[in-house]
Amino acid sequence: MLMDVGLNSTDLVSIEEDLQALAAAKDQWAKTSIQARIKLLSDIKVALMRVAPGWAEAAARKKRIPAGSPLAGEEWMSGPYTVMAMCNALMSTLSQLQGKTILAHLPQRRLGSGQLAVEVIPHSIWDRLLLSGVSAEVWMRPGVNEKNLAEHCATAYDIPLERRQGRLALVLGAGNIAAISPLDAFQKLFIENQVVILKMNPVNEYLTEYLRAALKPLIDCDALRIVKGDGALGAFLTDHPLVEEIHITGAGATHDAIVWGTGEDGRQNKLAQRPKNPRKITSELGAVCPTIVVPGPWSRSDIAFQAENIATQKLHNSGFNCVACQTLILPKTWSKTEELLNQIERVMSCAGQREAYYPGSEQRTSEFARHSRRYRRLERGPNAPVCILTDMDQSDETWLANNEVFGPALATKFLESDDPAVYLERAIEFANNELYGTLGANIVIHPKTIQQIGVKRFESLLLRLRYGTIAINAWTGLGFLLSPCPWGGFPGADLNRPQSGIGTVHNSFMLDETERTIVKAPWRPFPRGLLSLQFSLLPRPPWFITNRRQHILGKLLTEFQYRPSWFKLPKIFMNALKG
């Protein structure tokens, strides 16, 4: 049996030893005190900072980002920075779990539906300075209220220490964004009290030694092991008798292979609702994510800035993001639609240039083109793949709406209506009913248009949009970067129809029964935002593909998260203003 998985006996003996060590330590980990966990997270920060430069440089090199390119900042921001920030956030929550006092610092309000909204960003003075103008609310599911919110927070810690029992979880890592694998492991370790065997994705398994070094404090206490191998090893681990739960970030096909099996056996198992894998399985599986542009009184400067925003939603990480914009929904008769599209194409043609590093990209974009009866190839320079642009109304709309391309391809969908509220209703209906997945949706809307619709009606429309994260004038990828935000598909998925996945990760305040997260950013950047009373110190957000200083900012922000200090702020602000 051991030789059937394509590894030599030495490797398999080592993996068996890892699993045995984790299984032996799982109850002890569950009973580890809060103080000890805080100490472990503090030690991880020190170890992480030592390897952060090498980690970010290796990732930039492997992803074929040109030497000296500001795009290297993406590997700082979506790697060491995000993990460091999560360490800080978990330490803060753990230090205030006694009596759930952490909740006293989270503003709460009721929505028109009666549901509870909990503000999680900004939470500290650092949030207000470094994320100026950005806010995030977690909208809880019906039934959660101010009185019982504590019953839906950090529930794993409600079990008395001496009665806690651990479990062994397998985390199947993602190959695109470096922080996904460690953050998924943190979900199991610190929020669910489980030990973890983390299998790296072959695409980015070059990060294995960096993660082993950064997370060594967890490895030393037998709470974590990190292994690498191909799909055969993954299949071996998903069926291993010591593995009790599984979390996967990846494709729906991989999820179904784990749950139901492969080939004709898998098809028959699914038809009969007979899972071959009895374990609890959680997941994040991507989507055909929309960006909805709402008509309004946009200026030329507004169009230019929001074009950078939308281009970033498509081409951050060269388009290899599960939450990348794939469907751009636009008002057909709006006088500014053509100008906005022209500006988006201009930005995509001259920013974010890098090679397509993720396997299968050319095949997927070619298939996207084959289902587009009329498409255009947007040239982006000699070292960057073209971006395929198509109009859904003149193509195979059903295929385009149901297949995540995971690469540089973008479809537009034009909807009629001169009334912004009616248009938004139609766009939401289209996104809900036609597009595959429920992970993230973006809405780009002028503040005056929100006033025209009415704040209460606008919120009621958001309640109808069935996505796990909704970004207003931001990108849902920002929700991924923000530690307090739960990350995952809209609730209601199951093994038979997982959509964008089951369960959530991140969520440093450890809130249960969450429904969606609403992330908001200022309509206008600094200094134009000051004229419309929108406070922001960012002329161009550091995650924009157009930011000229993101490689510098990524490193500075990681160092700040390592040891926050007022003395570090001037250098950060200076580079932010030059971005």
# chains A, B, ... in the order shown; residues from 1 in each chain; ligands from 1
>>> closest_atom_pairs(of="range 508-573 of chain A", to="range 145-158 of chain A", cutoff="9 Å", atoms="only C-alpha atoms", output="Markdown table")
| residue | atom | partner | partner_atom | distance |
| --- | --- | --- | --- | --- |
| A:Phe509 | CA | A:Cys153 | CA | 7.3 |
| A:Met510 | CA | A:Ala154 | CA | 4.9 |
| A:Leu511 | CA | A:Cys153 | CA | 4.5 |
| A:Asp512 | CA | A:His152 | CA | 4.8 |
| A:Glu513 | CA | A:His152 | CA | 6.7 |
>>> closest_atom_pairs(of="range 92-198 of chain A", to="range 502-508 of chain A", cutoff="7 Å", atoms="only C-alpha atoms", output="Markdown table")
| residue | atom | partner | partner_atom | distance |
| --- | --- | --- | --- | --- |
| A:Thr93 | CA | A:Ser508 | CA | 6.9 |
| A:Leu183 | CA | A:His506 | CA | 6.4 |
| A:Asp184 | CA | A:Val505 | CA | 6.2 |
| A:Gln187 | CA | A:Val505 | CA | 5.7 |
>>> select_by_dssp(residues="range 34-183 of chain A", states="strand (DSSP E or B)", output="list of chain:residue names")
A:Gln108, A:Arg109, A:Arg110, A:Leu116, A:Ala117, A:Val118, A:Glu119, A:Val120, A:Ile121, A:Ser135, A:Ala136, A:Glu137, A:Val138, A:Trp139, A:Met140, A:Cys153, A:Leu168, A:Ala169, A:Leu170, A:Val171, A:Leu172
>>> residues_around(residues="range 107-115 of chain A", least_positions_apart="6", cutoff="8 Å", atoms="only C-alpha atoms", output="list in words")
Trp139, Met140, Arg141, Pro142, Gly143, Val144, Asn145, Glu146, Lys456, Glu459 and Ser460 of chain A
>>> write_last_selection(atoms="C-alpha atoms", output="short mmCIF file (atom, residue, chain, number, x, y, z; two decimals), in the first residue's frame")
data_model
loop_
_atom_site.label_atom_id
_atom_site.label_comp_id
_atom_site.auth_asym_id
_atom_site.auth_seq_id
_atom_site.Cartn_x
_atom_site.Cartn_y
_atom_site.Cartn_z
CA TRP A 139 -23.22 40.46 9.04
CA MET A 140 -24.34 37.60 11.24
CA ARG A 141 -26.96 35.01 10.35
CA PRO A 142 -30.55 35.47 11.56
CA GLY A 143 -30.92 34.47 15.20
CA VAL A 144 -27.63 35.95 16.37
CA ASN A 145 -28.16 39.10 18.44
CA GLU A 146 -26.43 41.35 20.96
CA LYS A 456 -31.46 51.52 3.87
CA GLU A 459 -28.28 47.71 2.42
CA SER A 460 -31.43 45.73 1.67
#
>>> closest_residue(among="A:Asn88, A:Leu285, A:Leu22, A:Phe573", to="Leu553 in chain A", atoms="only C-alpha atoms")
A:Phe573
>>> closest_residue(among="A:Lys314, A:His551, A:Arg466, A:Arg225", to="Glu16 in chain A", atoms="only C-alpha atoms")
A:Arg225
>>> select_by_dssp(residues="range 325-510 of chain A", states="helix (DSSP H, G or I)", output="VMD selection string")
chain A and resid 337 to 350 361 to 370 392 to 394 397 to 402 420 to 434 447 to 453 455 to 462 476 to 481
>>> closest_residue(among="A:Lys62, A:Arg167, A:Lys270, A:Arg370", to="Ala356 in chain A", atoms="only C-alpha atoms")
A:Lys62
>>> residues_around(residues="Ala427 in chain A", least_positions_apart="2", cutoff="8 Å", atoms="only C-alpha atoms", output="PyMOL selection string")
chain A and resi 292+329+415+423-425+429-431
